[in-house]
Structure formats: C-alpha cells, structure tokens
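Structure file structure-v4.pdb (PDB, N, CA and C atoms, pLDDT in the B column) is printed below.
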```
ATOM      1  N   MET M   1      19.027  -5.612   9.884  1.00 76.00           N
ATOM      2  CA  MET M   1      18.031  -4.994  10.748  1.00 76.00           C
ATOM      3  C   MET M   1      17.301  -3.848  10.034  1.00 76.00           C
ATOM      4  N   ARG M   2      18.064  -3.081   9.246  1.00 84.00           N
ATOM      5  CA  ARG M   2      17.430  -1.961   8.555  1.00 84.00           C
ATOM      6  C   ARG M   2      16.445  -2.439   7.496  1.00 84.00           C
ATOM      7  N   ILE M   3      16.727  -3.592   6.893  1.00 82.00           N
ATOM      8  CA  ILE M   3      15.809  -4.146   5.892  1.00 82.00           C
ATOM      9  C   ILE M   3      14.483  -4.510   6.544  1.00 82.00           C
ATOM     10  N   LYS M   4      14.526  -5.079   7.736  1.00 84.00           N
ATOM     11  CA  LYS M   4      13.288  -5.452   8.434  1.00 84.00           C
ATOM     12  C   LYS M   4      12.451  -4.224   8.746  1.00 84.00           C
ATOM     13  N   ILE M   5      13.106  -3.138   9.137  1.00 89.00           N
ATOM     14  CA  ILE M   5      12.377  -1.896   9.430  1.00 89.00           C
ATOM     15  C   ILE M   5      11.756  -1.344   8.150  1.00 89.00           C
ATOM     16  N   LEU M   6      12.503  -1.398   7.045  1.00 86.00           N
ATOM     17  CA  LEU M   6      11.978  -0.927   5.764  1.00 86.00           C
ATOM     18  C   LEU M   6      10.775  -1.756   5.322  1.00 86.00           C
ATOM     19  N   VAL M   7      10.886  -3.067   5.464  1.00 86.00           N
ATOM     20  CA  VAL M   7       9.768  -3.950   5.085  1.00 86.00           C
ATOM     21  C   VAL M   7       8.556  -3.675   5.968  1.00 86.00           C
ATOM     22  N   LEU M   8       8.768  -3.490   7.259  1.00 88.00           N
ATOM     23  CA  LEU M   8       7.665  -3.182   8.174  1.00 88.00           C
ATOM     24  C   LEU M   8       7.014  -1.857   7.807  1.00 88.00           C
ATOM     25  N   LEU M   9       7.813  -0.850   7.490  1.00 88.00           N
ATOM     26  CA  LEU M   9       7.280   0.453   7.093  1.00 88.00           C
ATOM     27  C   LEU M   9       6.465   0.349   5.809  1.00 88.00           C
ATOM     28  N   LEU M  10       7.000  -0.349   4.807  1.00 88.00           N
ATOM     29  CA  LEU M  10       6.276  -0.491   3.540  1.00 88.00           C
ATOM     30  C   LEU M  10       5.010  -1.327   3.691  1.00 88.00           C
ATOM     31  N   THR M  11       5.054  -2.333   4.551  1.00 88.00           N
ATOM     32  CA  THR M  11       3.857  -3.125   4.811  1.00 88.00           C
ATOM     33  C   THR M  11       2.787  -2.271   5.485  1.00 88.00           C
ATOM     34  N   THR M  12       3.206  -1.430   6.419  1.00 90.00           N
ATOM     35  CA  THR M  12       2.264  -0.518   7.087  1.00 90.00           C
ATOM     36  C   THR M  12       1.659   0.459   6.085  1.00 90.00           C
ATOM     37  N   ILE M  13       2.483   0.987   5.199  1.00 88.00           N
ATOM     38  CA  ILE M  13       1.973   1.894   4.158  1.00 88.00           C
ATOM     39  C   ILE M  13       0.964   1.173   3.269  1.00 88.00           C
ATOM     40  N   SER M  14       1.259  -0.069   2.929  1.00 88.00           N
ATOM     41  CA  SER M  14       0.350  -0.845   2.090  1.00 88.00           C
ATOM     42  C   SER M  14      -0.990  -1.075   2.785  1.00 88.00           C
ATOM     43  N   ILE M  15      -0.952  -1.389   4.068  1.00 89.00           N
ATOM     44  CA  ILE M  15      -2.193  -1.630   4.822  1.00 89.00           C
ATOM     45  C   ILE M  15      -3.008  -0.348   4.942  1.00 89.00           C
ATOM     46  N   VAL M  16      -2.350   0.768   5.237  1.00 89.00           N
ATOM     47  CA  VAL M  16      -3.065   2.047   5.345  1.00 89.00           C
ATOM     48  C   VAL M  16      -3.671   2.424   3.994  1.00 89.00           C
ATOM     49  N   SER M  17      -2.947   2.168   2.910  1.00 88.00           N
ATOM     50  CA  SER M  17      -3.484   2.445   1.576  1.00 88.00           C
ATOM     51  C   SER M  17      -4.689   1.575   1.269  1.00 88.00           C
ATOM     52  N   MET M  18      -4.636   0.324   1.708  1.00 88.00           N
ATOM     53  CA  MET M  18      -5.768  -0.573   1.509  1.00 88.00           C
ATOM     54  C   MET M  18      -6.997  -0.056   2.264  1.00 88.00           C
ATOM     55  N   ILE M  19      -6.783   0.450   3.471  1.00 89.00           N
ATOM     56  CA  ILE M  19      -7.886   1.048   4.231  1.00 89.00           C
ATOM     57  C   ILE M  19      -8.427   2.267   3.494  1.00 89.00           C
ATOM     58  N   GLY M  20      -7.529   3.046   2.874  1.00 86.00           N
ATOM     59  CA  GLY M  20      -7.963   4.192   2.068  1.00 86.00           C
ATOM     60  C   GLY M  20      -8.811   3.777   0.887  1.00 86.00           C
ATOM     61  N   VAL M  21      -8.451   2.673   0.253  1.00 88.00           N
ATOM     62  CA  VAL M  21      -9.234   2.166  -0.879  1.00 88.00           C
ATOM     63  C   VAL M  21     -10.625   1.746  -0.414  1.00 88.00           C
ATOM     64  N   ILE M  22     -10.692   1.034   0.701  1.00 89.00           N
ATOM     65  CA  ILE M  22     -11.992   0.614   1.238  1.00 89.00           C
ATOM     66  C   ILE M  22     -12.836   1.830   1.588  1.00 89.00           C
ATOM     67  N   THR M  23     -12.213   2.830   2.212  1.00 87.00           N
ATOM     68  CA  THR M  23     -12.925   4.070   2.538  1.00 87.00           C
ATOM     69  C   THR M  23     -13.412   4.755   1.266  1.00 87.00           C
ATOM     70  N   GLY M  24     -12.587   4.729   0.226  1.00 85.00           N
ATOM     71  CA  GLY M  24     -12.992   5.322  -1.046  1.00 85.00           C
ATOM     72  C   GLY M  24     -14.210   4.648  -1.635  1.00 85.00           C
ATOM     73  N   TYR M  25     -14.250   3.312  -1.569  1.00 87.00           N
ATOM     74  CA  TYR M  25     -15.428   2.594  -2.066  1.00 87.00           C
ATOM     75  C   TYR M  25     -16.676   2.924  -1.244  1.00 87.00           C
ATOM     76  N   ILE M  26     -16.492   3.072   0.065  1.00 88.00           N
ATOM     77  CA  ILE M  26     -17.637   3.433   0.925  1.00 88.00           C
ATOM     78  C   ILE M  26     -18.135   4.832   0.585  1.00 88.00           C
ATOM     79  N   LEU M  27     -17.198   5.789   0.416  1.00 84.00           N
ATOM     80  CA  LEU M  27     -17.599   7.147   0.052  1.00 84.00           C
ATOM     81  C   LEU M  27     -18.252   7.183  -1.323  1.00 84.00           C
ATOM     82  N   ASP M  28     -17.738   6.375  -2.240  1.00 83.00           N
ATOM     83  CA  ASP M  28     -18.329   6.313  -3.577  1.00 83.00           C
ATOM     84  C   ASP M  28     -19.741   5.747  -3.512  1.00 83.00           C
ATOM     85  N   ALA M  29     -19.926   4.710  -2.706  1.00 86.00           N
ATOM     86  CA  ALA M  29     -21.262   4.123  -2.554  1.00 86.00           C
ATOM     87  C   ALA M  29     -22.215   5.084  -1.848  1.00 86.00           C
ATOM     88  N   ALA M  30     -21.658   5.927  -0.960  1.00 87.00           N
ATOM     89  CA  ALA M  30     -22.493   6.890  -0.245  1.00 87.00           C
ATOM     90  C   ALA M  30     -22.839   8.099  -1.112  1.00 87.00           C
ATOM     91  N   GLY M  31     -22.201   8.195  -2.253  1.00 84.00           N
ATOM     92  CA  GLY M  31     -22.519   9.282  -3.175  1.00 84.00           C
ATOM     93  C   GLY M  31     -21.706  10.540  -2.964  1.00 84.00           C
ATOM     94  N   VAL M  32     -20.601  10.465  -2.229  1.00 80.00           N
ATOM     95  CA  VAL M  32     -19.740  11.640  -2.055  1.00 80.00           C
ATOM     96  C   VAL M  32     -18.964  11.812  -3.349  1.00 80.00           C
ATOM     97  N   TYR M  33     -19.313  12.817  -4.096  1.00 74.00           N
ATOM     98  CA  TYR M  33     -18.787  12.974  -5.455  1.00 74.00           C
ATOM     99  C   TYR M  33     -17.299  13.302  -5.429  1.00 74.00           C
ATOM    100  N   GLY M  34     -16.515  12.501  -6.115  1.00 77.00           N
ATOM    101  CA  GLY M  34     -15.100  12.776  -6.301  1.00 77.00           C
ATOM    102  C   GLY M  34     -14.183  12.225  -5.234  1.00 77.00           C
ATOM    103  N   ALA M  35     -14.587  12.282  -3.985  1.00 75.00           N
ATOM    104  CA  ALA M  35     -13.693  11.865  -2.895  1.00 75.00           C
ATOM    105  C   ALA M  35     -13.351  10.387  -3.002  1.00 75.00           C
ATOM    106  N   GLY M  36     -14.342   9.567  -3.263  1.00 76.00           N
ATOM    107  CA  GLY M  36     -14.107   8.135  -3.374  1.00 76.00           C
ATOM    108  C   GLY M  36     -13.194   7.799  -4.534  1.00 76.00           C
ATOM    109  N   PHE M  37     -13.379   8.494  -5.634  1.00 77.00           N
ATOM    110  CA  PHE M  37     -12.573   8.241  -6.825  1.00 77.00           C
ATOM    111  C   PHE M  37     -11.093   8.478  -6.550  1.00 77.00           C
ATOM    112  N   TYR M  38     -10.767   9.588  -5.896  1.00 78.00           N
ATOM    113  CA  TYR M  38      -9.365   9.906  -5.625  1.00 78.00           C
ATOM    114  C   TYR M  38      -8.761   8.950  -4.600  1.00 78.00           C
ATOM    115  N   LEU M  39      -9.515   8.603  -3.564  1.00 78.00           N
ATOM    116  CA  LEU M  39      -8.998   7.661  -2.569  1.00 78.00           C
ATOM    117  C   LEU M  39      -8.746   6.288  -3.173  1.00 78.00           C
ATOM    118  N   ILE M  40      -9.632   5.865  -4.043  1.00 80.00           N
ATOM    119  CA  ILE M  40      -9.468   4.552  -4.677  1.00 80.00           C
ATOM    120  C   ILE M  40      -8.236   4.562  -5.577  1.00 80.00           C
ATOM    121  N   GLY M  41      -8.111   5.573  -6.406  1.00 83.00           N
ATOM    122  CA  GLY M  41      -6.997   5.641  -7.351  1.00 83.00           C
ATOM    123  C   GLY M  41      -5.647   5.750  -6.669  1.00 83.00           C
ATOM    124  N   ILE M  42      -5.516   6.693  -5.767  1.00 84.00           N
ATOM    125  CA  ILE M  42      -4.250   6.897  -5.068  1.00 84.00           C
ATOM    126  C   ILE M  42      -3.942   5.704  -4.167  1.00 84.00           C
ATOM    127  N   GLY M  43      -4.938   5.207  -3.468  1.00 83.00           N
ATOM    128  CA  GLY M  43      -4.732   4.085  -2.557  1.00 83.00           C
ATOM    129  C   GLY M  43      -4.273   2.823  -3.269  1.00 83.00           C
ATOM    130  N   GLU M  44      -4.869   2.530  -4.420  1.00 86.00           N
ATOM    131  CA  GLU M  44      -4.483   1.325  -5.155  1.00 86.00           C
ATOM    132  C   GLU M  44      -3.043   1.423  -5.660  1.00 86.00           C
ATOM    133  N   VAL M  45      -2.661   2.579  -6.151  1.00 88.00           N
ATOM    134  CA  VAL M  45      -1.301   2.752  -6.667  1.00 88.00           C
ATOM    135  C   VAL M  45      -0.275   2.590  -5.549  1.00 88.00           C
ATOM    136  N   VAL M  46      -0.512   3.246  -4.429  1.00 88.00           N
ATOM    137  CA  VAL M  46       0.438   3.175  -3.309  1.00 88.00           C
ATOM    138  C   VAL M  46       0.485   1.768  -2.728  1.00 88.00           C
ATOM    139  N   CYS M  47      -0.666   1.130  -2.602  1.00 86.00           N
ATOM    140  CA  CYS M  47      -0.733  -0.220  -2.040  1.00 86.00           C
ATOM    141  C   CYS M  47       0.034  -1.207  -2.907  1.00 86.00           C
ATOM    142  N   VAL M  48      -0.186  -1.176  -4.201  1.00 89.00           N
ATOM    143  CA  VAL M  48       0.485  -2.107  -5.102  1.00 89.00           C
ATOM    144  C   VAL M  48       1.981  -1.815  -5.171  1.00 89.00           C
ATOM    145  N   ALA M  49       2.353  -0.547  -5.203  1.00 90.00           N
ATOM    146  CA  ALA M  49       3.774  -0.190  -5.294  1.00 90.00           C
ATOM    147  C   ALA M  49       4.538  -0.624  -4.050  1.00 90.00           C
ATOM    148  N   SER M  50       3.994  -0.345  -2.877  1.00 89.00           N
ATOM    149  CA  SER M  50       4.711  -0.720  -1.655  1.00 89.00           C
ATOM    150  C   SER M  50       4.732  -2.233  -1.461  1.00 89.00           C
ATOM    151  N   ALA M  51       3.659  -2.911  -1.837  1.00 88.00           N
ATOM    152  CA  ALA M  51       3.653  -4.372  -1.744  1.00 88.00           C
ATOM    153  C   ALA M  51       4.661  -4.981  -2.719  1.00 88.00           C
ATOM    154  N   ALA M  52       4.798  -4.395  -3.895  1.00 90.00           N
ATOM    155  CA  ALA M  52       5.771  -4.894  -4.870  1.00 90.00           C
ATOM    156  C   ALA M  52       7.198  -4.741  -4.357  1.00 90.00           C
ATOM    157  N   VAL M  53       7.476  -3.643  -3.673  1.00 90.00           N
ATOM    158  CA  VAL M  53       8.819  -3.439  -3.112  1.00 90.00           C
ATOM    159  C   VAL M  53       9.088  -4.470  -2.020  1.00 90.00           C
ATOM    160  N   VAL M  54       8.104  -4.747  -1.180  1.00 88.00           N
ATOM    161  CA  VAL M  54       8.274  -5.752  -0.126  1.00 88.00           C
ATOM    162  C   VAL M  54       8.555  -7.128  -0.741  1.00 88.00           C
ATOM    163  N   VAL M  55       7.831  -7.490  -1.778  1.00 89.00           N
ATOM    164  CA  VAL M  55       8.057  -8.767  -2.445  1.00 89.00           C
ATOM    165  C   VAL M  55       9.444  -8.801  -3.087  1.00 89.00           C
ATOM    166  N   ALA M  56       9.846  -7.714  -3.720  1.00 89.00           N
ATOM    167  CA  ALA M  56      11.165  -7.659  -4.348  1.00 89.00           C
ATOM    168  C   ALA M  56      12.279  -7.792  -3.302  1.00 89.00           C
ATOM    169  N   ILE M  57      12.131  -7.141  -2.164  1.00 88.00           N
ATOM    170  CA  ILE M  57      13.104  -7.263  -1.092  1.00 88.00           C
ATOM    171  C   ILE M  57      13.193  -8.714  -0.631  1.00 88.00           C
ATOM    172  N   GLY M  58      12.044  -9.347  -0.464  1.00 86.00           N
ATOM    173  CA  GLY M  58      12.017 -10.753  -0.048  1.00 86.00           C
ATOM    174  C   GLY M  58      12.704 -11.661  -1.052  1.00 86.00           C
ATOM    175  N   ILE M  59      12.458 -11.443  -2.328  1.00 86.00           N
ATOM    176  CA  ILE M  59      13.092 -12.264  -3.357  1.00 86.00           C
ATOM    177  C   ILE M  59      14.600 -12.039  -3.365  1.00 86.00           C
ATOM    178  N   LEU M  60      15.028 -10.792  -3.303  1.00 85.00           N
ATOM    179  CA  LEU M  60      16.457 -10.501  -3.324  1.00 85.00           C
ATOM    180  C   LEU M  60      17.176 -11.012  -2.084  1.00 85.00           C
ATOM    181  N   ARG M  61      16.518 -10.963  -0.947  1.00 84.00           N
ATOM    182  CA  ARG M  61      17.137 -11.427   0.298  1.00 84.00           C
ATOM    183  C   ARG M  61      17.314 -12.949   0.294  1.00 84.00           C
ATOM    184  N   HIS M  62      16.398 -13.662  -0.331  1.00 82.00           N
ATOM    185  CA  HIS M  62      16.459 -15.131  -0.311  1.00 82.00           C
ATOM    186  C   HIS M  62      17.166 -15.723  -1.517  1.00 82.00           C
ATOM    187  N   SER M  63      17.605 -14.892  -2.445  1.00 76.00           N
ATOM    188  CA  SER M  63      18.264 -15.408  -3.634  1.00 76.00           C
ATOM    189  C   SER M  63      19.780 -15.528  -3.459  1.00 76.00           C
ATOM    190  N   LYS M  64      20.289 -15.110  -2.321  1.00 65.00           N
ATOM    191  CA  LYS M  64      21.744 -15.167  -2.085  1.00 65.00           C
ATOM    192  C   LYS M  64      22.205 -16.568  -1.784  1.00 65.00           C
TER     193      LYS M  64
END
```

Just give me the structure of the file as structure tokens.
Amino acid sequence: MRIKILVLLLTTISIVSMIGVITGYILDAAGVYGAGFYLIGIGEVVCVASAAVVVAIGILRHSK
C-alpha cells in the first residue's frame, strides 16, 4: 500500500513539473527574461527524475 502512495506522489510531482515546464516555455515565448529558463530547467530535471523512480519501482515490483 505504501508503494502505491509513493508512486502516486511521484506521478503527481512529475505532472506538476511538466506543467511548470509548459509555463516556462510560455513565459519564455512571452519574453519574460529569466523566469522561463529557470522553470524549464528545474521542471525538466524534477519531471524526469520522478518519472524514472516510478518506472524503477514498477520494474522492481514486477521482477519478483
């Protein structure tokens, strides 16, 4: 049960980070200097990291 909660939490973090990346691209296109760059960079790192953990949990859970 705790694994499901962890996966749900990490998936939520990944989705919120993805929204941050999209917002960063919009701010960058709107010409807001610097804000878009930081949102894109931080958002991509967090999104990929949390998604990788979810995939790793899935692989480890099904390899037993």

>> Quick check on the file I pasted: which residues fall under the PyMOL selection byres ((chain M and resi 39-48) around 6.5)? Write them as a count of residues only.
In response: 19

> How many Å lie between CA of Val7 (chain M) and CA of Thr23 (chain M), rounded to one decimal?
Replying inline: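 Interatomic distance, CA of Val7 (chain M) to CA of Thr23 (chain M): 24.2 Å.
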
> For the atom pair atom C of Val54 (chain M) and CA of Thr11 (chain M), what is the interatomic distance in Å to one decimal place?
Replying inline: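 CA of Thr11 (chain M) lies at a distance of 8.3 Å from atom C of Val54 (chain M).
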
>> Restricting the calculation to only C-alpha atoms: of M:Ile57, M:His62, M:Ile19, M:Leu27, which residue gets closest to Ile3 (chain M)?
In response: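 Between M:Ile57, M:His62, M:Ile19, M:Leu27, the residue approaching Ile3 (chain M) most closely is M:Ile57.
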
>> Please report the interatomic distance between CA of Val16 (chain M) and CA of Ala29 (chain M) in Å with one decimal.
In response: 19.9 Å

Assuming 5 Å of padding per side, give the centre and edge lengths of the axis-aligned box around every listed atom of region 52-59 of chain M, in Å to one decimal and as JSON.
```
{"center_x": 9.7, "center_y": -7.9, "center_z": -2.5, "size_x": 19.8, "size_y": 18.8, "size_z": 14.8}
```

Could you model N, CA, C and O atoms for region 32-45 of chain M and present them as a short mmCIF file (atom, residue, chain, number, x, y, z; two decimals), keeping the file's coordinate frame?
```cif
data_model
loop_
_atom_site.label_atom_id
_atom_site.label_comp_id
_atom_site.auth_asym_id
_atom_site.auth_seq_id
_atom_site.Cartn_x
_atom_site.Cartn_y
_atom_site.Cartn_z
N VAL M 32 -20.60 10.46 -2.23
CA VAL M 32 -19.74 11.64 -2.06
C VAL M 32 -18.96 11.81 -3.35
O VAL M 32 -18.07 11.03 -3.66
N TYR M 33 -19.31 12.82 -4.10
CA TYR M 33 -18.79 12.97 -5.46
C TYR M 33 -17.30 13.30 -5.43
O TYR M 33 -16.87 14.26 -4.80
N GLY M 34 -16.52 12.50 -6.12
CA GLY M 34 -15.10 12.78 -6.30
C GLY M 34 -14.18 12.22 -5.23
O GLY M 34 -13.10 11.76 -5.53
N ALA M 35 -14.59 12.28 -3.98
CA ALA M 35 -13.69 11.86 -2.90
C ALA M 35 -13.35 10.39 -3.00
O ALA M 35 -12.19 10.00 -2.86
N GLY M 36 -14.34 9.57 -3.26
CA GLY M 36 -14.11 8.14 -3.37
C GLY M 36 -13.19 7.80 -4.53
O GLY M 36 -12.30 6.96 -4.41
N PHE M 37 -13.38 8.49 -5.63
CA PHE M 37 -12.57 8.24 -6.82
C PHE M 37 -11.09 8.48 -6.55
O PHE M 37 -10.24 7.67 -6.91
N TYR M 38 -10.77 9.59 -5.90
CA TYR M 38 -9.36 9.91 -5.62
C TYR M 38 -8.76 8.95 -4.60
O TYR M 38 -7.62 8.52 -4.74
N LEU M 39 -9.52 8.60 -3.56
CA LEU M 39 -9.00 7.66 -2.57
C LEU M 39 -8.75 6.29 -3.17
O LEU M 39 -7.75 5.64 -2.88
N ILE M 40 -9.63 5.86 -4.04
CA ILE M 40 -9.47 4.55 -4.68
C ILE M 40 -8.24 4.56 -5.58
O ILE M 40 -7.38 3.68 -5.51
N GLY M 41 -8.11 5.57 -6.41
CA GLY M 41 -7.00 5.64 -7.35
C GLY M 41 -5.65 5.75 -6.67
O GLY M 41 -4.72 4.98 -6.95
N ILE M 42 -5.52 6.69 -5.77
CA ILE M 42 -4.25 6.90 -5.07
C ILE M 42 -3.94 5.70 -4.17
O ILE M 42 -2.81 5.23 -4.11
N GLY M 43 -4.94 5.21 -3.47
CA GLY M 43 -4.73 4.08 -2.56
C GLY M 43 -4.27 2.82 -3.27
O GLY M 43 -3.38 2.13 -2.79
N GLU M 44 -4.87 2.53 -4.42
CA GLU M 44 -4.48 1.32 -5.16
C GLU M 44 -3.04 1.42 -5.66
O GLU M 44 -2.28 0.47 -5.58
N VAL M 45 -2.66 2.58 -6.15
CA VAL M 45 -1.30 2.75 -6.67
C VAL M 45 -0.28 2.59 -5.55
O VAL M 45 0.72 1.87 -5.69
#
```
